[in-house]
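Engineer: Structure file final-v1.txt (compact mmCIF, C-alpha atoms) right here:
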# COMPACT_ATOMS: atom_id res chain seq x y z
CA MET A 1321 17.61 -212.88 -73.56
CA ALA A 1322 21.26 -213.29 -73.35
CA ALA A 1323 21.57 -210.10 -71.41
CA ARG A 1324 18.93 -211.22 -68.89
CA LYS A 1325 20.80 -214.47 -68.43
CA GLU A 1326 24.06 -212.75 -67.55
CA LYS A 1327 22.15 -210.46 -65.21
CA TYR A 1328 20.81 -213.41 -63.21
CA SER A 1329 24.02 -215.50 -63.21
CA GLN A 1330 26.25 -212.96 -61.37
CA PRO A 1331 24.24 -212.89 -58.11
CA MET A 1332 24.04 -216.68 -58.04
CA ARG A 1333 27.84 -217.02 -58.44
CA GLY A 1334 28.43 -214.63 -55.50
CA SER A 1335 26.07 -216.50 -53.27
CA ARG A 1336 27.79 -219.81 -54.05
CA ILE A 1337 31.12 -218.33 -53.12
CA ALA A 1338 29.68 -217.05 -49.91
CA VAL A 1339 28.19 -220.44 -49.13
CA ALA A 1340 31.54 -222.16 -49.87
CA ILE A 1341 33.34 -219.73 -47.62
CA GLY A 1342 30.81 -220.33 -44.87
CA ILE A 1343 31.07 -224.06 -45.22
CA GLY A 1344 34.88 -223.77 -45.06
CA ILE A 1345 34.68 -221.68 -41.92
CA VAL A 1346 32.29 -224.14 -40.31
CA LEU A 1347 34.48 -227.12 -41.22
CA GLY A 1348 37.54 -225.27 -39.96
CA CYS A 1349 35.84 -224.66 -36.64
CA VAL A 1350 34.76 -228.28 -36.43
CA PHE A 1351 38.29 -229.60 -37.18
CA ALA A 1352 39.81 -227.02 -34.87
CA PHE A 1353 37.59 -228.29 -32.10
CA LEU A 1354 38.15 -231.98 -32.84
CA PHE A 1355 41.85 -231.79 -33.69
CA PRO A 1356 43.37 -228.94 -31.73
CA HIS A 1357 46.93 -230.15 -32.58
CA GLY A 1358 46.19 -230.72 -36.25
CA LEU A 1359 45.53 -233.84 -38.26
CA PHE A 1360 49.23 -234.82 -38.76
CA THR A 1361 50.92 -234.31 -35.37
CA PRO A 1362 54.35 -235.81 -34.45
CA THR A 1363 53.16 -236.47 -30.90
CA PRO A 1364 52.55 -240.23 -31.11
CA PRO A 1365 56.11 -241.11 -32.23
CA ILE A 1366 57.57 -238.88 -29.50
CA GLN A 1367 55.36 -240.50 -26.90
CA SER A 1368 56.41 -243.88 -28.19
CA ARG A 1369 60.04 -242.97 -27.90
CA ARG A 1370 59.43 -241.61 -24.41
CA LEU A 1371 57.70 -244.82 -23.42
CA SER A 1372 60.53 -246.87 -24.89
CA LYS A 1373 63.12 -244.78 -23.05
CA SER A 1374 61.06 -244.98 -19.91
CA ASN A 1375 60.96 -248.76 -20.20
CA LEU A 1376 64.76 -248.86 -20.52
CA GLN A 1377 65.11 -246.61 -17.48
CA VAL A 1378 62.75 -248.85 -15.53
CA ASP A 1379 64.76 -251.95 -16.47
CA SER A 1380 68.06 -250.24 -15.60
CA SER A 1381 66.68 -248.88 -12.34
CA SER A 1382 65.40 -252.34 -11.47
CA CYS A 1383 68.92 -253.83 -11.84
CA GLU A 1384 70.52 -251.01 -9.89
CA SER A 1385 67.92 -251.37 -7.14
CA THR A 1386 68.67 -255.10 -6.80
CA GLU A 1387 72.41 -254.47 -6.49
CA ARG A 1388 71.80 -251.64 -4.06
CA MET A 1389 69.55 -253.84 -1.95
CA ASN A 1390 72.20 -256.56 -1.85
CA MET A 1391 74.83 -254.01 -0.79
CA LEU A 1392 72.53 -252.63 1.89
CA LYS A 1393 71.83 -256.15 3.18
CA ALA A 1394 75.58 -256.87 3.34
CA ASP A 1395 76.18 -253.57 5.18
CA ILE A 1396 73.39 -254.36 7.62
CA MET A 1397 74.85 -257.81 8.31
CA GLY A 1398 78.32 -256.32 8.81
CA LEU A 1399 76.98 -253.67 11.17
CA SER A 1400 75.01 -256.30 13.07
CA GLU A 1401 78.14 -258.40 13.59
CA LYS A 1402 80.14 -255.34 14.64
CA ASN A 1403 77.37 -254.33 17.00
CA ALA A 1404 77.37 -257.79 18.53
CA GLU A 1405 81.15 -257.61 19.01
CA LEU A 1406 80.89 -254.16 20.59
CA LYS A 1407 78.19 -255.43 22.93
CA LYS A 1408 80.46 -258.32 23.88
CA GLN A 1409 83.35 -255.93 24.57
CA LEU A 1410 81.04 -253.68 26.54
CA ARG A 1411 79.94 -256.60 28.70
CA ALA A 1412 83.58 -257.57 29.29
CA LEU A 1413 84.55 -254.00 30.22
CA THR A 1414 81.52 -253.68 32.45
CA GLU A 1415 82.49 -256.88 34.23
CA LYS A 1416 86.06 -255.67 34.69
CA LEU A 1417 84.79 -252.42 36.14
CA ARG A 1418 82.43 -254.26 38.44
CA LEU A 1419 85.22 -256.47 39.74
CA ALA A 1420 87.49 -253.47 40.24
CA GLU A 1421 84.82 -251.63 42.18
CA MET A 1422 84.22 -254.69 44.34
CA GLY A 1423 87.92 -254.71 45.22
CA LYS A 1424 88.61 -258.18 43.90
CA ASP A 1425 92.17 -259.31 44.26
CA HIS A 1426 94.87 -258.95 41.63
CA ALA A 1427 94.67 -262.54 40.42
CA GLN A 1428 91.02 -262.17 39.35
CA LYS A 1429 91.77 -258.93 37.53
CA GLN A 1430 94.67 -260.61 35.78
CA VAL A 1431 92.45 -263.45 34.55
CA MET A 1432 90.08 -260.90 33.04
CA VAL A 1433 92.98 -259.20 31.29
CA LEU A 1434 94.59 -262.37 29.96
CA GLY A 1435 91.59 -263.56 28.00
CA GLU A 1436 88.28 -265.34 27.88
CA PRO A 1437 87.36 -267.87 30.57
CA HIS A 1438 88.05 -271.52 29.68
CA LYS A 1439 86.24 -274.72 30.45
CA ALA A 1440 88.10 -277.17 32.61
CA GLY A 1441 89.48 -280.22 30.80
CA PRO A 1442 89.45 -283.87 31.92
CA PHE A 1443 90.77 -284.83 35.32
CA GLY A 1444 94.54 -284.51 35.60
CA THR A 1445 94.94 -282.36 32.48
CA VAL A 1446 94.20 -278.91 33.87
CA LYS A 1447 97.19 -276.59 34.30
CA GLY A 1448 97.00 -273.10 35.77
CA LEU A 1449 98.65 -270.00 34.37
CA ARG A 1450 102.36 -269.99 35.15
CA THR A 1451 103.94 -267.38 32.93
CA ASN A 1452 102.80 -263.78 33.09
CA PRO A 1453 103.09 -261.64 29.94
CA THR A 1454 105.93 -259.14 29.77
CA VAL A 1455 105.33 -255.40 29.86
CA VAL A 1456 105.51 -253.18 26.79
CA PRO A 1457 109.03 -251.65 26.71
CA ASP A 1458 109.13 -247.91 27.40
CA GLU A 1459 112.41 -246.36 26.27
CA SER A 1460 111.31 -242.90 27.43
CA VAL A 1461 112.00 -244.06 31.00
CA ASN A 1462 115.74 -243.84 30.45
CA PRO A 1463 116.93 -243.34 26.83
CA ARG A 1464 120.62 -243.43 27.82
CA LEU A 1465 120.27 -246.78 29.61
CA ALA A 1466 118.14 -248.11 26.73
CA LYS A 1467 120.98 -247.40 24.31
CA ILE A 1468 123.51 -249.21 26.54
CA LEU A 1469 121.28 -252.25 26.99
CA ALA A 1470 120.64 -252.51 23.25
CA GLU A 1471 124.38 -253.08 22.82
CA VAL A 1472 125.00 -255.32 25.85
CA ALA A 1473 121.87 -257.49 26.04
CA LEU A 1474 121.23 -258.68 22.50
CA THR A 1475 118.92 -261.45 23.76
CA LYS A 1476 116.96 -259.05 26.04
CA GLU A 1477 118.50 -260.49 29.23
CA LEU A 1478 121.65 -259.68 31.17
CA ILE A 1479 123.53 -259.95 34.45
CA VAL A 1480 123.45 -256.75 36.49
CA VAL A 1481 125.87 -256.11 39.36
CA LEU A 1482 125.90 -253.08 41.67
CA ALA A 1483 129.35 -252.15 42.98
CA ASN A 1484 131.20 -249.37 44.75
CA SER A 1485 134.87 -249.06 45.70
CA ASN A 1486 134.32 -251.06 48.92
CA VAL A 1487 133.88 -254.27 46.91
CA LYS A 1488 136.37 -253.62 44.11
CA ASP A 1489 138.60 -256.62 44.95
CA MET A 1490 135.68 -259.05 44.88
CA LEU A 1491 134.46 -257.48 41.64
CA LYS A 1492 137.86 -258.23 40.09
CA VAL A 1493 137.50 -261.93 40.91
CA GLN A 1494 133.95 -262.00 39.55
CA VAL A 1495 134.84 -260.19 36.31
CA SER A 1496 137.71 -262.63 35.78
CA SER A 1497 135.34 -265.61 36.13
CA ILE A 1498 132.79 -263.97 33.82
CA LYS A 1499 135.42 -263.60 31.10
CA LYS A 1500 136.66 -267.17 31.52
CA VAL A 1501 133.13 -268.50 30.99
CA GLY A 1502 132.65 -266.18 28.01
CA ILE A 1503 129.57 -264.33 29.24
CA LEU A 1504 129.05 -261.14 27.23
CA ASN A 1505 125.72 -259.83 28.55
CA TYR A 1506 127.18 -258.53 31.81
CA LEU A 1507 126.76 -254.99 33.11
CA VAL A 1508 128.16 -253.27 36.19
CA VAL A 1509 126.16 -250.45 37.72
CA ALA A 1510 129.05 -248.28 38.88
CA LEU A 1511 128.07 -246.48 42.08
CA ASP A 1512 131.21 -244.34 42.13
CA ASP A 1513 134.04 -243.16 39.87
CA VAL A 1514 136.47 -245.80 41.16
CA ILE A 1515 134.32 -248.60 39.78
CA ALA A 1516 133.64 -246.69 36.56
CA ASP A 1517 137.40 -246.31 36.00
CA PHE A 1518 137.98 -249.98 36.80
CA CYS A 1519 135.39 -251.01 34.20
CA LYS A 1520 136.88 -248.72 31.56
CA SER A 1521 140.38 -250.10 32.09
CA ASN A 1522 139.19 -253.73 32.03
CA ASP A 1523 136.82 -253.46 29.05
CA VAL A 1524 133.74 -254.17 31.15
CA SER A 1525 130.36 -252.71 30.20
CA PHE A 1526 129.10 -250.36 32.87
CA TYR A 1527 126.37 -247.84 33.57
CA LYS A 1528 126.70 -244.85 35.87
CA ARG A 1529 123.42 -243.36 36.92
CA ASP A 1530 122.52 -239.71 36.77
CA PRO A 1531 123.07 -237.94 40.13
CA ASP A 1532 120.50 -238.84 42.76
CA GLU A 1533 121.37 -237.81 46.31
CA GLY A 1534 119.02 -240.37 47.84
CA ILE A 1535 120.93 -243.18 46.14
CA ASP A 1536 124.36 -241.62 45.83
CA SER A 1537 124.77 -241.02 49.56
CA VAL A 1538 124.34 -244.76 50.22
CA ALA A 1539 126.32 -245.76 47.15
CA ARG A 1540 129.41 -243.80 48.21
CA VAL A 1541 129.84 -245.11 51.75
CA GLY A 1542 127.33 -247.94 52.17
CA GLY A 1543 128.35 -251.42 53.19
CA ASN A 1544 127.29 -254.67 51.56
CA HIS A 1545 123.72 -254.74 52.94
CA ALA A 1546 123.12 -251.02 52.35
CA VAL A 1547 124.24 -251.24 48.73
CA SER A 1548 122.21 -254.42 48.29
CA GLY A 1549 119.06 -252.53 49.22
CA LEU A 1550 119.58 -250.04 46.39
CA LYS A 1551 119.12 -252.64 43.68
CA PHE A 1552 115.35 -252.78 44.03
CA ARG A 1553 115.05 -249.12 43.07
CA ILE A 1554 117.64 -249.28 40.30
CA LEU A 1555 116.38 -252.50 38.69
CA ARG A 1556 112.93 -251.05 37.99
CA GLU A 1557 114.15 -249.12 34.95
CA PHE A 1558 115.69 -252.27 33.45
CA LEU A 1559 112.34 -254.06 33.65
CA GLN A 1560 110.44 -251.07 32.29
CA LEU A 1561 112.74 -251.14 29.29
CA GLY A 1562 111.67 -254.74 28.67
CA TYR A 1563 114.79 -256.65 29.83
CA SER A 1564 115.01 -259.75 32.01
CA VAL A 1565 117.67 -259.27 34.67
CA LEU A 1566 119.86 -261.66 36.61
CA LEU A 1567 120.64 -259.60 39.69
CA SER A 1568 123.98 -260.66 41.12
CA ASP A 1569 125.95 -259.71 44.22
CA VAL A 1570 129.71 -259.29 43.78
CA ASP A 1571 130.61 -262.22 46.08
CA ILE A 1572 129.73 -264.75 43.38
CA VAL A 1573 132.04 -266.79 41.15
CA TYR A 1574 130.67 -267.82 37.74
CA LEU A 1575 131.58 -271.26 36.40
CA GLN A 1576 128.93 -271.72 33.65
CA ASP A 1577 126.55 -269.48 31.71
CA PRO A 1578 123.54 -269.20 34.06
CA PHE A 1579 121.07 -268.31 31.29
CA ASP A 1580 121.32 -271.88 30.00
CA HIS A 1581 119.84 -273.14 33.28
CA PHE A 1582 116.82 -270.89 33.85
CA TYR A 1583 113.31 -272.12 33.04
CA LYS A 1584 112.05 -268.56 32.36
CA ASP A 1585 108.48 -269.57 33.17
CA SER A 1586 108.12 -267.55 36.38
CA ASP A 1587 108.33 -263.95 37.45
CA VAL A 1588 111.22 -264.72 39.79
CA GLU A 1589 113.72 -267.60 39.82
CA SER A 1590 115.98 -267.41 42.84
CA MET A 1591 118.76 -269.36 44.49
CA THR A 1592 117.97 -270.60 47.95
CA ASP A 1593 119.71 -270.32 51.31
CA GLY A 1594 118.61 -273.90 51.95
CA HIS A 1595 121.20 -276.67 52.11
CA ASN A 1596 119.16 -279.83 51.37
CA ASN A 1597 115.90 -280.84 49.71
CA MET A 1598 113.76 -280.03 52.73
CA THR A 1599 115.17 -276.61 53.53
CA ALA A 1600 115.52 -275.57 49.88
CA TYR A 1601 112.18 -276.76 48.52
CA GLY A 1602 109.92 -276.81 51.58
CA TYR A 1603 108.71 -279.29 54.17
CA ASN A 1604 105.95 -280.01 56.66
CA ASP A 1605 107.19 -278.91 60.09
CA VAL A 1606 105.12 -280.30 62.98
CA PHE A 1607 104.79 -278.04 66.03
CA ASP A 1608 104.19 -279.84 69.32
CA GLU A 1609 102.11 -278.24 72.06
CA PRO A 1610 101.45 -280.93 74.74
CA ALA A 1611 99.00 -278.71 76.68
CA MET A 1612 96.51 -279.11 73.79
CA GLY A 1613 96.16 -282.82 74.48
CA TRP A 1614 94.64 -284.64 71.48
CA ALA A 1615 95.33 -281.59 69.25
CA ARG A 1616 98.91 -281.12 70.46
CA TYR A 1617 100.42 -281.47 66.96
CA ALA A 1618 100.06 -278.54 64.56
CA HIS A 1619 101.38 -278.85 61.03
CA THR A 1620 103.24 -275.90 59.54
CA MET A 1621 104.89 -275.32 56.17
CA ARG A 1622 108.51 -274.23 56.17
CA ILE A 1623 110.97 -273.17 53.49
CA TRP A 1624 114.31 -271.42 53.80
CA VAL A 1625 114.48 -267.99 52.29
CA TYR A 1626 115.36 -267.01 48.75
CA ASN A 1627 118.66 -265.21 48.42
CA SER A 1628 118.09 -261.61 47.33
CA GLY A 1629 121.67 -261.46 46.06
CA PHE A 1630 121.05 -263.79 43.15
CA PHE A 1631 117.72 -263.96 41.35
CA TYR A 1632 116.47 -263.90 37.75
CA ILE A 1633 113.51 -261.56 37.28
CA ARG A 1634 111.36 -261.17 34.16
CA PRO A 1635 109.85 -257.82 33.05
CA THR A 1636 106.28 -258.45 34.19
CA LEU A 1637 103.80 -256.43 36.22
CA PRO A 1638 104.11 -258.69 39.32
CA SER A 1639 107.92 -258.37 39.10
CA ILE A 1640 107.78 -254.58 39.01
CA GLU A 1641 105.23 -254.60 41.82
CA LEU A 1642 107.64 -256.72 43.87
CA LEU A 1643 110.47 -254.20 43.36
CA ASP A 1644 108.16 -251.33 44.27
CA ARG A 1645 106.93 -253.05 47.42
CA VAL A 1646 110.43 -253.90 48.65
CA ALA A 1647 111.88 -250.48 47.81
CA ASN A 1648 108.99 -248.74 49.55
CA ARG A 1649 109.38 -250.78 52.72
CA LEU A 1650 113.15 -250.30 52.81
CA THR A 1651 112.62 -246.55 52.47
CA HIS A 1652 110.13 -246.37 55.33
CA GLN A 1653 111.75 -249.09 57.45
CA PRO A 1654 115.46 -248.20 57.25
CA ASN A 1655 116.52 -250.87 59.74
CA SER A 1656 114.96 -253.70 57.71
CA TRP A 1657 117.09 -256.30 55.99
CA ASP A 1658 116.41 -256.31 52.26
CA GLN A 1659 116.47 -260.12 52.03
CA ALA A 1660 113.85 -260.52 54.75
CA VAL A 1661 111.58 -257.94 53.12
CA PHE A 1662 112.12 -259.53 49.69
CA ASN A 1663 110.92 -262.92 50.98
CA GLU A 1664 108.02 -261.56 52.99
CA GLU A 1665 106.62 -259.80 49.93
CA LEU A 1666 107.08 -262.90 47.80
CA PHE A 1667 105.54 -265.43 50.20
CA PHE A 1668 103.10 -263.79 52.61
CA PRO A 1669 99.50 -264.52 51.50
CA SER A 1670 96.66 -262.04 51.38
CA HIS A 1671 94.85 -261.67 54.69
CA PRO A 1672 92.66 -259.06 56.40
CA GLY A 1673 94.39 -255.70 56.06
CA TYR A 1674 96.98 -256.95 53.58
CA VAL A 1675 96.92 -257.84 49.88
CA GLY A 1676 99.65 -260.31 48.95
CA LEU A 1677 101.74 -260.29 45.80
CA HIS A 1678 100.55 -262.65 43.06
CA ALA A 1679 103.91 -263.51 41.52
CA ALA A 1680 105.05 -266.84 40.09
CA LYS A 1681 108.30 -268.08 41.65
CA ARG A 1682 110.74 -270.93 41.19
CA THR A 1683 113.51 -272.23 43.46
CA LEU A 1684 116.74 -272.93 41.62
CA ASP A 1685 118.68 -276.18 42.01
CA TYR A 1686 120.87 -275.68 45.09
CA TYR A 1687 123.65 -277.88 43.71
CA LEU A 1688 123.88 -275.85 40.49
CA PHE A 1689 123.31 -272.47 42.10
CA MET A 1690 125.33 -273.22 45.19
CA ASN A 1691 125.56 -271.24 48.40
CA SER A 1692 128.73 -271.40 50.49
CA LYS A 1693 127.09 -273.47 53.24
CA VAL A 1694 126.37 -276.25 50.76
CA LEU A 1695 129.89 -276.05 49.37
CA PHE A 1696 131.91 -275.94 52.59
CA LYS A 1697 129.71 -278.10 54.80
CA THR A 1698 128.65 -280.80 52.32
CA VAL A 1699 130.09 -280.79 48.81
CA ARG A 1700 133.81 -280.53 49.56
CA LYS A 1701 133.52 -283.55 51.88
CA ASP A 1702 131.79 -285.81 49.35
CA ALA A 1703 133.91 -287.37 46.61
CA LYS A 1704 130.98 -287.65 44.18
CA LEU A 1705 129.64 -284.18 44.78
CA LYS A 1706 133.11 -282.69 44.37
CA ARG A 1707 133.04 -283.82 40.74
CA LEU A 1708 129.88 -281.79 40.14
CA LYS A 1709 130.52 -278.43 38.48
CA PRO A 1710 128.02 -275.81 39.68
CA VAL A 1711 126.84 -272.84 37.61
CA ILE A 1712 127.80 -270.35 40.31
CA VAL A 1713 129.08 -270.36 43.87
CA HIS A 1714 127.81 -267.63 46.17
CA ILE A 1715 129.88 -266.88 49.27
CA ASN A 1716 126.85 -265.70 51.20
CA TYR A 1717 127.27 -267.64 54.45
CA HIS A 1718 130.79 -266.50 55.28
CA PRO A 1719 132.25 -263.07 56.11
CA ASN A 1720 135.78 -263.76 54.76
CA LYS A 1721 134.42 -263.57 51.23
CA LEU A 1722 137.46 -262.67 49.12
CA PRO A 1723 139.77 -265.56 50.16
CA ARG A 1724 136.92 -268.06 49.79
CA MET A 1725 136.11 -266.70 46.32
CA GLU A 1726 139.75 -267.10 45.34
CA ALA A 1727 139.71 -270.65 46.71
CA VAL A 1728 136.64 -271.47 44.59
CA VAL A 1729 138.50 -270.24 41.51
CA GLU A 1730 141.50 -272.40 42.40
CA PHE A 1731 139.37 -275.48 42.96
CA TYR A 1732 136.90 -275.33 40.05
CA ILE A 1733 138.85 -273.40 37.42
CA ASN A 1734 142.50 -274.15 38.12
CA GLY A 1735 141.89 -277.70 39.37
CA LYS A 1736 143.66 -277.41 42.74
CA GLN A 1737 141.93 -280.20 44.67
CA ASP A 1738 142.91 -279.06 48.19
CA ALA A 1739 142.08 -275.37 47.65
CA LEU A 1740 138.97 -275.57 49.87
CA ASP A 1741 140.39 -277.70 52.65
CA SER A 1742 141.84 -274.99 54.92
CA PHE A 1743 138.54 -273.24 55.63
CA PRO A 1744 136.23 -274.09 58.51
CA ASP A 1745 132.63 -275.07 57.85
CA GLY A 1746 131.29 -271.88 59.37
CA SER A 1747 132.63 -268.43 60.05
CA GLU A 1748 135.79 -267.94 62.03
Kindly present the structure from the file in structure tokens form.
Structural biologist:
Amino acid sequence: MAARKEKYSQPMRGSRIAVAIGIGIVLGCVFAFLFPHGLFTPTPPIQSRRLSKSNLQVDSSSCESTERMNMLKADIMGLSEKNAELKKQLRALTEKLRLAEMGKDHAQKQVMVLGEPHKAGPFGTVKGLRTNPTVVPDESVNPRLAKILAEVALTKELIVVLANSNVKDMLKVQVSSIKKVGILNYLVVALDDVIADFCKSNDVSFYKRDPDEGIDSVARVGGNHAVSGLKFRILREFLQLGYSVLLSDVDIVYLQDPFDHFYKDSDVESMTDGHNNMTAYGYNDVFDEPAMGWARYAHTMRIWVYNSGFFYIRPTLPSIELLDRVANRLTHQPNSWDQAVFNEELFFPSHPGYVGLHAAKRTLDYYLFMNSKVLFKTVRKDAKLKRLKPVIVHINYHPNKLPRMEAVVEFYINGKQDALDSFPDGSE
């Protein structure tokens, strides 16, 4: 019985094992299907950390995006303003080009250059432009002259005198008066070696130009008028270098520092050949033509000419244009008088076939900047006027220049009251 029992129990134990194995396989398949990554996977914490990190990145990106947007907005505003300014400049340049193509006159171009248009103020308060801007100095024009001027003209202005050996005696009188007044910014343009040697021996600043046959031929043998015509070509370099120049003939005696008496608000300030208020400053001259009946009287404006032997000129574009115009005409019209050409270019208005010069000008006080007609015909005969001390006396009306210059020195500097009495009013 016991044996039979053992015989039956062995097969049953094997079948149970087989069933358990089968059940295990089935459960394994089921769990493998339901939980492919296993029951205890680290995935959820990792995902959580990723989400947390992602949230931080989103917050950080959000802040950076706000700052970036603000920067972009600021850039856009800056570019918009710059674009508006460029458009404004483009409109201004386009307008300038349009005016240039239309051939508008120099004054209109100058207004465009000087700045924006202005509204007119109340009645009686509006003042036009009087003082033109100076040019930008260009030392490359003449480095040697630039070095000399830097030493002589510390205030960027100086007296310039052209002289050759023909006028040496008058130059001596002038240099003596210059030294008595104490004027330091004085320069002689020596047109020959005689004058250069004179300046060296008398401690006078001078400048001798580089050889130029066109100028040197006149400088060597030219008379007073011929030499006077050279100044318009020579002065150009002084203005290009940025210096204001008081151009002076040699037949002038200095009694005061002239730079203390210039207004310096115009392109040109010149002494006049006029001898009273009307002739010096202008007047209404009525022309009578009886054949016209009711319209027989025609009103004209008259003024006596500026003296081209004594004028203060600022380094402006109109000033340089004036020198160019006069020098060009004197070159092509050799029989012209430089003073006549100088005044025609200054005063003649624009008209068909001719564009006038737009230069500001001022007439100097004829009692302070005195010509020899005023002195010998009026001043020396008037007790009150004789007490007036002029800035300069220019012996421009009389051919016997040297003795009259010496007489002026005796009268005004040495105090000899009868020094002027022996001369006639006019020329002898």
Engineer: Pick out the residues sitting within 6 Å of stretch 1482-1489 of chain A, and hand them over as a list in words; count only C-alpha atoms, and ignore anything fewer than 5 positions along from it in its own chain.
Structural biologist: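 Everything that qualifies: Val1508, Val1509, Ala1510, Leu1511, Asp1512, Val1514 and Ile1515 of chain A.
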Engineer: Select, from A:Val1694, A:Leu1666, A:Val1699, A:Leu1507, the residue with the minimum atom-to-atom distance to A:Asp1593, counting only C-alpha atoms.
Structural biologist: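 Among the listed residues, the smallest separation from A:Asp1593 belongs to A:Val1694.
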Engineer: Would you pick out the contacts of A:Asp1741 at 9 Å or less, using only C-alpha atoms, so that residues sharing its chain but fewer than 4 positions from it are not included, and give the list as a list in words?
Structural biologist: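 So, after excluding close chain neighbours, the residues are Phe1696, Arg1700 and Gln1737 of chain A.
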Engineer: Pick from A:Val1455, A:Ala1727, A:Leu1555, A:Met1621: nearest to A:Leu1478, with all atoms listed in the file counted?
Structural biologist: A:Leu1555
Engineer: Any idea what the distance is between atom CA of A:Met1490 and atom CA of A:Pro1719?
Structural biologist: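 Computed distance, atom CA of A:Met1490 to atom CA of A:Pro1719, equals 12.4 Å.
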Engineer: Quick one: everything within 10 Å of stretch 1568-1581 of chain A, counting only C-alpha atoms, minus sequence neighbours fewer than 6 positions away in the same chain. Send it as a ChimeraX atom specification.
Structural biologist: /A:1477-1483,1487-1504,1508,1544,1547-1548,1551,1628-1632,1684-1685,1688-1692,1709-1716,1721-1722,1724-1726,1728-1729,1732-1733
Engineer: What is the atom CA of A:Leu1643 to atom CA of A:Phe1552 distance in Å?
Structural biologist: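 Separating atom CA of A:Leu1643 from atom CA of A:Phe1552 is a distance of 5.1 Å.
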Engineer: Please tell me which residues are no farther than 12 Å from (106.0, -262.4, 39.7) in the file, counting all atoms listed in the file, and write them as a PDB file with C-alpha atoms, keeping the file's coordinate frame.
Structural biologist:
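This is the output file selection.pdb:
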ATOM      1  CA  HIS A1426      94.870-258.950  41.630  1.00  0.00           C
ATOM      2  CA  ALA A1427      94.670-262.540  40.420  1.00  0.00           C
ATOM      3  CA  LEU A1449      98.650-270.000  34.370  1.00  0.00           C
ATOM      4  CA  ARG A1450     102.360-269.990  35.150  1.00  0.00           C
ATOM      5  CA  THR A1451     103.940-267.380  32.930  1.00  0.00           C
ATOM      6  CA  ASN A1452     102.800-263.780  33.090  1.00  0.00           C
ATOM      7  CA  PRO A1453     103.090-261.640  29.940  1.00  0.00           C
ATOM      8  CA  THR A1454     105.930-259.140  29.770  1.00  0.00           C
ATOM      9  CA  LYS A1584     112.050-268.560  32.360  1.00  0.00           C
ATOM     10  CA  ASP A1585     108.480-269.570  33.170  1.00  0.00           C
ATOM     11  CA  SER A1586     108.120-267.550  36.380  1.00  0.00           C
ATOM     12  CA  ASP A1587     108.330-263.950  37.450  1.00  0.00           C
ATOM     13  CA  VAL A1588     111.220-264.720  39.790  1.00  0.00           C
ATOM     14  CA  GLU A1589     113.720-267.600  39.820  1.00  0.00           C
ATOM     15  CA  SER A1590     115.980-267.410  42.840  1.00  0.00           C
ATOM     16  CA  PHE A1631     117.720-263.960  41.350  1.00  0.00           C
ATOM     17  CA  TYR A1632     116.470-263.900  37.750  1.00  0.00           C
ATOM     18  CA  ILE A1633     113.510-261.560  37.280  1.00  0.00           C
ATOM     19  CA  ARG A1634     111.360-261.170  34.160  1.00  0.00           C
ATOM     20  CA  PRO A1635     109.850-257.820  33.050  1.00  0.00           C
ATOM     21  CA  THR A1636     106.280-258.450  34.190  1.00  0.00           C
ATOM     22  CA  LEU A1637     103.800-256.430  36.220  1.00  0.00           C
ATOM     23  CA  PRO A1638     104.110-258.690  39.320  1.00  0.00           C
ATOM     24  CA  SER A1639     107.920-258.370  39.100  1.00  0.00           C
ATOM     25  CA  ILE A1640     107.780-254.580  39.010  1.00  0.00           C
ATOM     26  CA  GLU A1641     105.230-254.600  41.820  1.00  0.00           C
ATOM     27  CA  LEU A1642     107.640-256.720  43.870  1.00  0.00           C
ATOM     28  CA  LEU A1643     110.470-254.200  43.360  1.00  0.00           C
ATOM     29  CA  GLU A1665     106.620-259.800  49.930  1.00  0.00           C
ATOM     30  CA  LEU A1666     107.080-262.900  47.800  1.00  0.00           C
ATOM     31  CA  PHE A1667     105.540-265.430  50.200  1.00  0.00           C
ATOM     32  CA  GLY A1676      99.650-260.310  48.950  1.00  0.00           C
ATOM     33  CA  LEU A1677     101.740-260.290  45.800  1.00  0.00           C
ATOM     34  CA  HIS A1678     100.550-262.650  43.060  1.00  0.00           C
ATOM     35  CA  ALA A1679     103.910-263.510  41.520  1.00  0.00           C
ATOM     36  CA  ALA A1680     105.050-266.840  40.090  1.00  0.00           C
ATOM     37  CA  LYS A1681     108.300-268.080  41.650  1.00  0.00           C
ATOM     38  CA  ARG A1682     110.740-270.930  41.190  1.00  0.00           C
TER      39      ARG A1682
END
Engineer: Just the number, please: distance in Å from atom CA of A:Pro1463 to atom CA of A:Tyr1527, one decimal.
Structural biologist: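 These two atoms are separated by 12.4 Å.
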Engineer: For stretch 1489-1506 of chain A, take all atoms listed in the file, fit an axis-aligned box around them, add 6 Å to each of the six sides, then output centre and edge lengths in Å rounded to one decimal, as lines of an AutoDock Vina configuration file.
Structural biologist:
center_x = 132.2
center_y = -262.6
center_z = 36.1
size_x = 24.9
size_y = 23.9
size_z = 29.7
Engineer: Dump C-alpha atoms of stretch 1547-1558 of chain A from the given block, as a compact mmCIF listing (two decimals), in the first residue's frame.
Structural biologist:
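decode-v7.txt, freshly written:
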# COMPACT_ATOMS: atom_id res chain seq x y z
CA VAL A 1547 53.00 146.70 -58.87
CA SER A 1548 49.65 147.53 -57.31
CA GLY A 1549 47.94 145.17 -59.73
CA LEU A 1550 50.07 142.24 -58.55
CA LYS A 1551 48.60 142.26 -55.06
CA PHE A 1552 45.35 140.61 -56.09
CA ARG A 1553 47.21 137.50 -57.24
CA ILE A 1554 49.60 137.43 -54.30
CA LEU A 1555 47.00 138.04 -51.58
CA ARG A 1556 45.01 134.93 -52.49
CA GLU A 1557 47.44 132.62 -50.69
CA PHE A 1558 47.18 134.68 -47.50
